[in-house]
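S.K.: Sharing final_21.cif here; it has mmCIF, C-alpha atoms and all ligand atoms.
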data_model
#
loop_
_atom_site.label_atom_id
_atom_site.label_comp_id
_atom_site.auth_asym_id
_atom_site.auth_seq_id
_atom_site.Cartn_x
_atom_site.Cartn_y
_atom_site.Cartn_z
CA MET J 1 122.27 231.36 202.17
CA ARG J 2 118.49 231.42 201.73
CA THR J 3 115.72 232.26 204.15
CA ALA J 4 111.96 231.94 203.94
CA SER J 5 110.07 235.17 204.47
CA LEU J 6 106.30 235.55 204.29
CA GLY J 7 106.09 232.55 202.01
CA PHE J 8 108.70 233.92 199.61
CA THR J 9 112.19 232.49 199.37
CA THR J 10 114.62 235.36 199.63
CA PRO J 11 118.26 234.98 198.60
CA MET J 12 120.50 236.79 201.12
CA ARG J 13 123.95 238.23 200.60
CA GLY J 14 126.29 240.14 202.96
CA ASN J 15 124.35 242.75 204.93
CA SER J 16 121.06 240.98 204.24
CA ARG J 17 117.63 242.55 203.77
CA THR J 18 114.47 240.50 203.53
CA ALA J 19 111.13 241.24 201.92
CA ALA J 20 109.67 241.58 205.43
CA SER J 21 112.15 244.36 206.31
CA LEU J 22 111.32 246.52 203.26
CA PRO J 23 109.59 249.81 204.08
CA LEU J 24 105.82 249.43 204.23
CA ASP J 25 105.15 253.09 203.38
CA ARG J 26 103.64 252.86 199.87
CA ASN J 27 104.53 256.51 199.20
CA ALA J 28 108.22 255.96 199.97
CA PRO J 29 110.41 256.44 196.87
CA LEU J 30 111.32 253.20 195.08
CA PRO J 31 115.04 252.33 195.07
CA SER J 32 116.63 253.51 191.82
CA PRO J 33 118.04 251.71 189.92
CA VAL J 34 115.89 248.78 191.10
CA ASP J 35 117.75 246.78 193.72
CA PRO J 36 117.99 243.10 192.63
CA LEU J 37 117.40 242.08 196.24
CA PHE J 38 114.11 244.02 196.13
CA LEU J 39 112.98 242.00 193.11
CA ALA J 40 114.31 238.68 194.43
CA GLY J 41 112.32 239.14 197.62
CA PHE J 42 109.08 239.03 195.67
CA ARG J 43 109.83 236.15 193.30
CA THR J 44 107.85 233.04 194.20
CA MET J 45 109.48 229.66 193.75
CA LEU J 46 107.27 226.62 193.26
CA THR J 47 108.47 223.26 194.55
CA PHE J 48 107.90 220.07 192.57
CA ASN J 49 110.50 217.55 193.79
CA HIS J 50 110.99 216.08 190.28
CA ARG J 51 107.37 215.00 189.90
CA THR J 52 105.82 213.50 186.76
CA ALA J 53 102.69 215.02 185.21
CA LEU J 54 100.29 213.95 182.49
CA VAL J 55 98.65 216.86 180.65
CA THR J 56 95.87 216.16 178.16
CA GLY J 57 95.36 218.52 175.23
CA ALA J 58 99.02 219.48 175.54
CA GLY J 59 99.47 219.88 171.79
CA ARG J 60 98.21 223.45 171.59
CA GLY J 61 96.86 226.42 173.51
CA ILE J 62 96.35 226.19 177.26
CA GLY J 63 97.54 222.58 177.59
CA LYS J 64 100.78 223.37 175.77
CA ALA J 65 101.38 226.33 178.10
CA ILE J 66 100.72 224.15 181.17
CA ALA J 67 103.12 221.46 179.90
CA GLU J 68 105.80 224.10 179.28
CA VAL J 69 105.53 225.83 182.65
CA LEU J 70 105.58 222.48 184.50
CA ALA J 71 108.61 221.38 182.49
CA ARG J 72 110.39 224.65 183.35
CA HIS J 73 109.93 223.68 187.01
CA GLY J 74 111.68 220.35 186.45
CA VAL J 75 108.54 218.23 186.11
CA THR J 76 108.66 215.33 183.63
CA VAL J 77 105.65 215.95 181.39
CA ILE J 78 103.68 213.36 179.44
CA CYS J 79 102.06 215.43 176.68
CA VAL J 80 98.83 213.90 175.39
CA SER J 81 96.90 215.16 172.39
CA LYS J 82 94.75 213.69 169.66
CA SER J 83 97.29 214.08 166.89
CA ALA J 84 100.82 212.72 167.29
CA ASP J 85 102.16 215.77 165.47
CA SER J 86 100.98 218.37 167.97
CA CYS J 87 102.01 216.61 171.21
CA GLY J 88 105.19 215.44 169.46
CA ALA J 89 106.20 219.01 168.61
CA VAL J 90 105.56 220.22 172.17
CA ALA J 91 107.48 217.32 173.78
CA ALA J 92 110.36 217.76 171.31
CA ALA J 93 110.61 221.50 172.08
CA ILE J 94 110.65 220.83 175.84
CA THR J 95 113.34 218.19 175.42
CA ALA J 96 115.40 220.43 173.13
CA ALA J 97 115.25 223.17 175.78
CA GLY J 98 116.68 220.79 178.41
CA GLY J 99 113.43 219.53 179.97
CA ARG J 100 111.95 216.05 180.18
CA ALA J 101 108.86 215.17 178.15
CA LYS J 102 107.17 212.33 176.33
CA ALA J 103 104.53 212.62 173.64
CA LEU J 104 101.55 210.31 173.46
CA ALA J 105 98.70 210.50 170.95
CA VAL J 106 95.48 209.33 172.63
CA ASP J 107 91.89 210.06 171.64
CA VAL J 108 90.52 210.96 175.07
CA ALA J 109 86.96 210.43 173.86
CA ASP J 110 87.79 206.72 173.68
CA GLY J 111 87.79 205.08 177.13
CA ALA J 112 89.54 201.94 175.85
CA ALA J 113 92.35 204.05 174.35
CA ILE J 114 92.81 205.81 177.70
CA ALA J 115 92.91 202.45 179.53
CA ALA J 116 95.60 201.11 177.18
CA ALA J 117 97.66 204.32 177.47
CA ALA J 118 97.40 204.43 181.27
CA ASP J 119 98.35 200.78 181.54
CA SER J 120 101.57 201.22 179.58
CA LEU J 121 102.44 204.57 181.24
CA LEU J 122 102.09 203.11 184.74
CA LYS J 123 104.57 200.40 183.73
CA GLU J 124 106.99 202.91 182.20
CA PHE J 125 106.92 205.61 184.93
CA PRO J 126 107.45 204.83 188.61
CA ALA J 127 104.73 207.38 189.43
CA ILE J 128 102.42 209.82 187.71
CA ASP J 129 101.91 212.36 190.46
CA ILE J 130 100.02 215.09 188.63
CA LEU J 131 97.07 214.88 186.22
CA VAL J 132 95.83 217.89 184.29
CA ASN J 133 92.56 217.15 182.47
CA ASN J 134 92.66 219.89 179.85
CA ALA J 135 91.67 218.36 176.48
CA GLY J 136 88.44 219.85 175.24
CA ILE J 137 86.36 220.69 172.19
CA THR J 138 83.33 222.81 171.36
CA ARG J 139 80.42 221.97 169.03
CA ASP J 140 78.26 225.05 169.54
CA GLY J 141 74.61 225.49 168.58
CA LEU J 142 71.28 226.37 170.10
CA LEU J 143 69.59 223.39 171.77
CA PHE J 144 66.87 222.86 169.14
CA ARG J 145 69.54 222.53 166.47
CA MET J 146 72.05 220.49 168.47
CA SER J 147 72.54 216.96 167.15
CA ASP J 148 73.01 213.92 169.35
CA ALA J 149 76.52 213.60 167.92
CA ASP J 150 77.43 217.16 168.94
CA TRP J 151 76.11 216.50 172.45
CA ASN J 152 77.87 213.14 172.82
CA ASP J 153 81.21 214.25 171.32
CA VAL J 154 81.50 217.18 173.71
CA ILE J 155 80.43 215.20 176.78
CA SER J 156 82.79 212.32 176.04
CA THR J 157 85.80 214.48 175.15
CA ASN J 158 85.45 217.09 177.90
CA LEU J 159 83.85 215.19 180.78
CA THR J 160 83.90 211.40 180.44
CA SER J 161 87.63 211.58 179.62
CA CYS J 162 88.23 213.07 183.09
CA PHE J 163 86.38 210.16 184.69
CA HIS J 164 88.54 207.63 182.81
CA TRP J 165 91.94 209.29 183.32
CA THR J 166 91.27 210.02 186.98
CA LYS J 167 89.98 206.55 187.76
CA LEU J 168 93.14 205.01 186.31
CA LEU J 169 95.80 207.45 187.51
CA ALA J 170 94.47 208.49 190.92
CA ARG J 171 94.71 205.06 192.53
CA PRO J 172 98.54 205.07 192.60
CA MET J 173 98.41 208.69 193.84
CA THR J 174 96.20 207.69 196.76
CA ARG J 175 98.56 204.79 197.55
CA ALA J 176 101.52 207.18 197.51
CA ARG J 177 99.54 209.66 199.62
CA TRP J 178 100.46 212.53 197.31
CA GLY J 179 98.80 213.73 194.15
CA ARG J 180 97.49 216.76 192.29
CA ILE J 181 94.57 216.75 189.87
CA VAL J 182 93.63 219.92 188.03
CA ASN J 183 90.57 220.00 185.78
CA ILE J 184 90.36 222.77 183.20
CA THR J 185 86.69 223.65 183.13
CA SER J 186 85.24 226.94 181.81
CA VAL J 187 83.37 230.05 182.79
CA SER J 188 80.59 228.49 180.65
CA GLY J 189 80.30 225.73 183.23
CA VAL J 190 80.06 228.30 186.01
CA MET J 191 77.61 230.75 184.39
CA GLY J 192 76.05 228.84 181.48
CA ASN J 193 76.27 230.21 177.93
CA ALA J 194 73.57 230.33 175.26
CA GLY J 195 74.59 228.13 172.33
CA GLN J 196 76.76 225.86 174.48
CA ALA J 197 74.33 223.47 176.21
CA ASN J 198 76.66 220.53 175.58
CA TYR J 199 79.86 222.37 176.55
CA SER J 200 78.38 224.10 179.62
CA ALA J 201 76.92 220.79 180.84
CA ALA J 202 80.27 219.05 180.40
CA LYS J 203 82.16 221.86 182.13
CA ALA J 204 79.65 222.08 185.00
CA GLY J 205 79.96 218.28 185.29
CA MET J 206 83.72 218.70 185.68
CA ILE J 207 83.08 221.04 188.60
CA GLY J 208 80.85 218.48 190.34
CA LEU J 209 83.45 215.79 189.66
CA THR J 210 86.19 218.02 191.07
CA LYS J 211 84.36 218.69 194.33
CA THR J 212 83.32 215.07 194.80
CA LEU J 213 86.79 213.65 194.14
CA ALA J 214 88.34 216.31 196.39
CA ARG J 215 86.23 214.84 199.19
CA GLU J 216 86.94 211.20 198.22
CA PHE J 217 90.73 211.65 198.00
CA SER J 218 91.28 214.16 200.79
CA ALA J 219 92.32 211.58 203.39
CA ARG J 220 95.16 210.55 201.04
CA SER J 221 96.54 214.07 200.45
CA VAL J 222 95.50 214.03 196.80
CA THR J 223 94.07 217.44 195.94
CA VAL J 224 91.54 218.05 193.17
CA ASN J 225 90.84 221.56 191.89
CA ALA J 226 89.33 223.18 188.83
CA VAL J 227 90.40 226.21 186.82
CA ALA J 228 87.68 228.02 184.86
CA PRO J 229 89.11 230.15 182.04
CA GLY J 230 87.07 232.89 180.38
CA PHE J 231 88.07 233.96 176.84
CA ILE J 232 91.67 232.91 176.24
CA LYS J 233 93.47 233.49 172.92
CA THR J 234 93.88 229.98 171.46
CA ASP J 235 92.79 228.09 168.33
CA MET J 236 89.49 227.41 170.14
CA THR J 237 88.59 231.12 170.24
CA ASN J 238 90.30 232.26 167.00
CA GLU J 239 87.06 232.97 165.20
CA PHE J 240 85.91 235.38 167.96
CA VAL J 241 89.25 236.98 168.77
CA ASN J 242 89.94 237.75 165.10
CA ASN J 243 86.47 239.15 164.45
CA PRO J 244 86.34 242.82 165.58
CA GLU J 245 82.55 242.88 166.11
CA ALA J 246 82.49 239.62 168.06
CA SER J 247 85.54 240.72 170.09
CA ALA J 248 83.95 244.02 171.03
CA ARG J 249 80.74 242.25 172.11
CA ILE J 250 82.65 239.72 174.24
CA LEU J 251 84.92 242.31 175.83
CA GLU J 252 81.88 244.27 177.04
CA ALA J 253 81.42 241.41 179.52
CA VAL J 254 85.09 241.29 180.56
CA PRO J 255 85.92 243.87 183.24
CA LEU J 256 89.66 243.72 182.43
CA LYS J 257 88.80 244.50 178.77
CA ARG J 258 91.17 242.05 177.14
CA PHE J 259 91.36 238.39 176.17
CA GLY J 260 93.46 236.16 178.40
CA GLU J 261 96.69 234.45 177.41
CA SER J 262 97.33 230.72 177.81
CA ALA J 263 100.04 231.60 180.35
CA ASP J 264 97.43 233.30 182.56
CA VAL J 265 95.77 229.90 183.00
CA ALA J 266 98.99 227.86 183.00
CA ASN J 267 100.60 229.78 185.87
CA LEU J 268 97.63 229.13 188.15
CA ALA J 269 97.36 225.49 187.07
CA ALA J 270 101.08 225.00 187.81
CA TYR J 271 100.67 226.54 191.25
CA LEU J 272 97.79 224.15 192.01
CA CYS J 273 100.05 221.24 190.99
CA SER J 274 102.90 222.35 193.25
CA GLU J 275 103.91 221.30 196.73
CA GLU J 276 102.87 224.73 198.01
CA ALA J 277 99.20 224.19 197.09
CA GLY J 278 98.77 221.18 199.38
CA TYR J 279 96.09 222.80 201.54
CA ILE J 280 93.80 223.74 198.63
CA THR J 281 91.24 221.23 197.39
CA GLY J 282 87.75 221.16 195.88
CA GLN J 283 88.00 224.74 194.61
CA VAL J 284 87.12 226.38 191.31
CA PHE J 285 89.32 229.32 190.28
CA ASN J 286 88.11 231.65 187.54
CA VAL J 287 90.78 233.07 185.21
CA ASP J 288 88.44 235.25 183.20
CA GLY J 289 89.31 238.92 183.56
CA GLY J 290 86.50 239.25 186.08
CA MET J 291 83.63 237.89 183.93
CA ALA J 292 82.13 235.70 186.65
CA MET J 293 81.93 237.49 189.99
P1 LIG D 1 92.71 224.21 171.74
O1 LIG D 1 93.70 225.26 171.44
O2 LIG D 1 91.64 223.92 170.74
O3 LIG D 1 93.52 222.86 172.05
C1 LIG D 1 92.81 221.72 172.42
C2 LIG D 1 93.76 220.59 172.73
O4 LIG D 1 92.95 219.47 173.13
C3 LIG D 1 94.57 220.15 171.53
O5 LIG D 1 95.89 219.80 171.91
C4 LIG D 1 93.81 218.91 171.05
O6 LIG D 1 94.62 217.93 170.43
C5 LIG D 1 93.29 218.35 172.35
N1 LIG D 1 92.15 217.49 172.10
C6 LIG D 1 90.93 217.83 171.61
N2 LIG D 1 90.18 216.72 171.46
C7 LIG D 1 90.93 215.68 171.87
C8 LIG D 1 90.74 214.29 171.93
N3 LIG D 1 89.59 213.70 171.55
N4 LIG D 1 91.75 213.52 172.37
C9 LIG D 1 92.93 214.05 172.76
N5 LIG D 1 93.18 215.36 172.72
C10 LIG D 1 92.20 216.16 172.27
O7 LIG D 1 91.94 224.49 173.10
P2 LIG D 1 92.30 225.48 174.32
O8 LIG D 1 91.65 226.76 174.06
O9 LIG D 1 93.73 225.40 174.63
O10 LIG D 1 91.43 224.78 175.46
C11 LIG D 1 92.01 223.92 176.44
C12 LIG D 1 90.96 223.63 177.48
O11 LIG D 1 90.56 224.86 178.08
C13 LIG D 1 89.69 223.01 176.94
O12 LIG D 1 89.19 222.06 177.85
C14 LIG D 1 88.74 224.15 176.83
O13 LIG D 1 87.40 223.75 176.92
C15 LIG D 1 89.15 224.98 178.03
N6 LIG D 1 88.79 226.38 177.90
C16 LIG D 1 89.29 227.16 176.93
C17 LIG D 1 88.91 228.49 176.84
C18 LIG D 1 89.45 229.43 175.81
O14 LIG D 1 89.00 230.58 175.79
N7 LIG D 1 90.39 229.03 174.97
C19 LIG D 1 87.98 228.99 177.75
C20 LIG D 1 87.47 228.16 178.73
C21 LIG D 1 87.89 226.86 178.80
P3 LIG D 1 95.28 218.18 168.96
O15 LIG D 1 96.33 219.22 169.16
O16 LIG D 1 95.80 216.85 168.58
O17 LIG D 1 94.14 218.65 168.10
#
Would you encode the structure as structure tokens?
Ligand code: NAP
M.R.:
Amino acid sequence: MRTASLGFTTPMRGNSRTAASLPLDRNAPLPSPVDPLFLAGFRTMLTFNHRTALVTGAGRGIGKAIAEVLARHGVTVICVSKSADSCGAVAAAITAAGGRAKALAVDVADGAAIAAAADSLLKEFPAIDILVNNAGITRDGLLFRMSDADWNDVISTNLTSCFHWTKLLARPMTRARWGRIVNITSVSGVMGNAGQANYSAAKAGMIGLTKTLAREFSARSVTVNAVAPGFIKTDMTNEFVNNPEASARILEAVPLKRFGESADVANLAAYLCSEEAGYITGQVFNVDGGMAM
């Protein structure tokens, strides 16, 4: 028997206790050894109803973590990355672990490639309910030294790709009157960052896109939100994380005094894709150890 209590699903056995009936006195001694019912009362369960998600940049880092956490919740995940090897390895690992995944190599900087991929996916899958626009690159440099190519590559990979994927995949979501779109932006798009004019502009553009589409799709119960990571340990930040001087300088600006993990971002992204997040749209959530506040 299960009962819902304060938003948590609490398994009940025999002489049942719920999370709501636990003592509220914070100085009361904790049960010892820890009562499994105590722990179960605080475990959140996300609902996905066997949805299908497309995650871009799922070959490594944050996108891989998002694909994995969605798959663990029973979501069928279409893993997109630039190289077939990286999304192939992630999809194969999910499948080997008992999940459902498909790998697809698509250069998201190429609008025609996205159109061809979306066309064949919409024939293959009855619905793609969830879109996570996560693929991204950096080409850092101060403005006076930034080439047109570095500007254009970053804008097309990080921002224009979101326009293309969303335009193609959101229409069936609006028809079905259910959908979740999560855009992985950056604290650089929220605060700006010297040396990242291209990247900050692209990420700030994603925030504007998120808020506008949240308004356009709201009548159809399709939510659109953005997650803004700070410094997360991935291939993208390797050169800073592995450099003690650069790390120390960065961590001065991070109140929690550590780099984030991909799972820190993935858990929030998964929540925003779930049934439970249906009343949240047009928001930007920072996962940055407190950098931007
Ligand atoms: P990452 O480890 O470098 O992985 C990037 C992923 O994006 C890879 O799977 C890569 O594909 C894919 N990708 C790049 N260009 C692509 C293209 N043209 N077409 C298709 N796929 C492409 O990056 P990450 O750190 O996980 O970052 C993920 C997202 O979070 C990015 O949007 C990034 O801007 C954002 N973010 C990251 C941080 C951070 O601290 N790491 C902070 C703020 C925001 P391949 O595997 O095939 O190369």
S.K.: Give me, as CSV, each residue of stretch 231-270 of chain J that comes within 12 Å of stretch 133-144 of chain J, together with its shortest interatomic pair and the distance in Å at one decimal, counting only C-alpha atoms, with rows ordered by chain and rising residue number.
M.R.:
residue,atom,partner,partner_atom,distance
J:Thr234,CA,J:Ile137,CA,12.0
J:Asp235,CA,J:Ile137,CA,10.5
J:Met236,CA,J:Ile137,CA,7.7
J:Thr237,CA,J:Thr138,CA,9.9
J:Ser262,CA,J:Asn134,CA,12.0
J:Val265,CA,J:Asn134,CA,10.9
J:Ala266,CA,J:Asn134,CA,10.7
J:Ala269,CA,J:Asn134,CA,10.3
S.K.: Show me which residues line ligand LIG 1 (chain D), defined as having an atom within 6 Å of a ligand atom where all atoms listed in the file count, and present them as a count of residues only.
M.R.: 32
S.K.: If you count all atoms listed in the file, which residues fall within 8 Å of J:Val69, apart from same-chain ones fewer than 4 positions away, as an mmCIF file with C-alpha atoms, in the frame of the given file?
M.R.:
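In the end it all went to result.cif:
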data_model
loop_
_atom_site.group_PDB
_atom_site.id
_atom_site.type_symbol
_atom_site.label_atom_id
_atom_site.label_comp_id
_atom_site.auth_asym_id
_atom_site.auth_seq_id
_atom_site.Cartn_x
_atom_site.Cartn_y
_atom_site.Cartn_z
ATOM 1 C CA ALA J 65 101.380 226.330 178.100
ATOM 2 C CA HIS J 73 109.930 223.680 187.010
ATOM 3 C CA ALA J 266 98.990 227.860 183.000
ATOM 4 C CA ASN J 267 100.600 229.780 185.870
ATOM 5 C CA ALA J 270 101.080 225.000 187.810
#
S.K.: Which residues, protein or nucleic acid, reach to within 7 Å of (94.7, 221.7, 189.4) in the file's coordinates when using all atoms listed in the file, and can you give that as an MDAnalysis selection string?
M.R.: chainID J and resid 132 180:183 224:227 269 272:273
S.K.: What does the distance between atom CA of J:Ile130 and atom CA of J:Gly179 come to in Å, to one decimal place?
M.R.: 5.8 Å
S.K.: If we count all atoms listed in the file, what is near J:Leu121 at a cut-off of 10 Å, once residues fewer than 5 positions away on the same chain are taken out, given as a list in words?
M.R.: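 Final neighbour list, sorted by chain and number: Leu54, Ile78, Leu104, Ala115, Ala116, Pro126, Ala127, Ile128 and Leu169 of chain J.
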S.K.: Quick check, in Å to one decimal: how far apart do atom CA of J:Cys79 and atom CA of J:Ala103 lie?
M.R.: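 A separation of 4.8 Å between them.
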S.K.: In Å to one decimal, how far is atom CA of J:Gly205 from atom CA of J:Asp288?
M.R.: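 Separation between atom CA of J:Asp288 and atom CA of J:Gly205: 19.1 Å.
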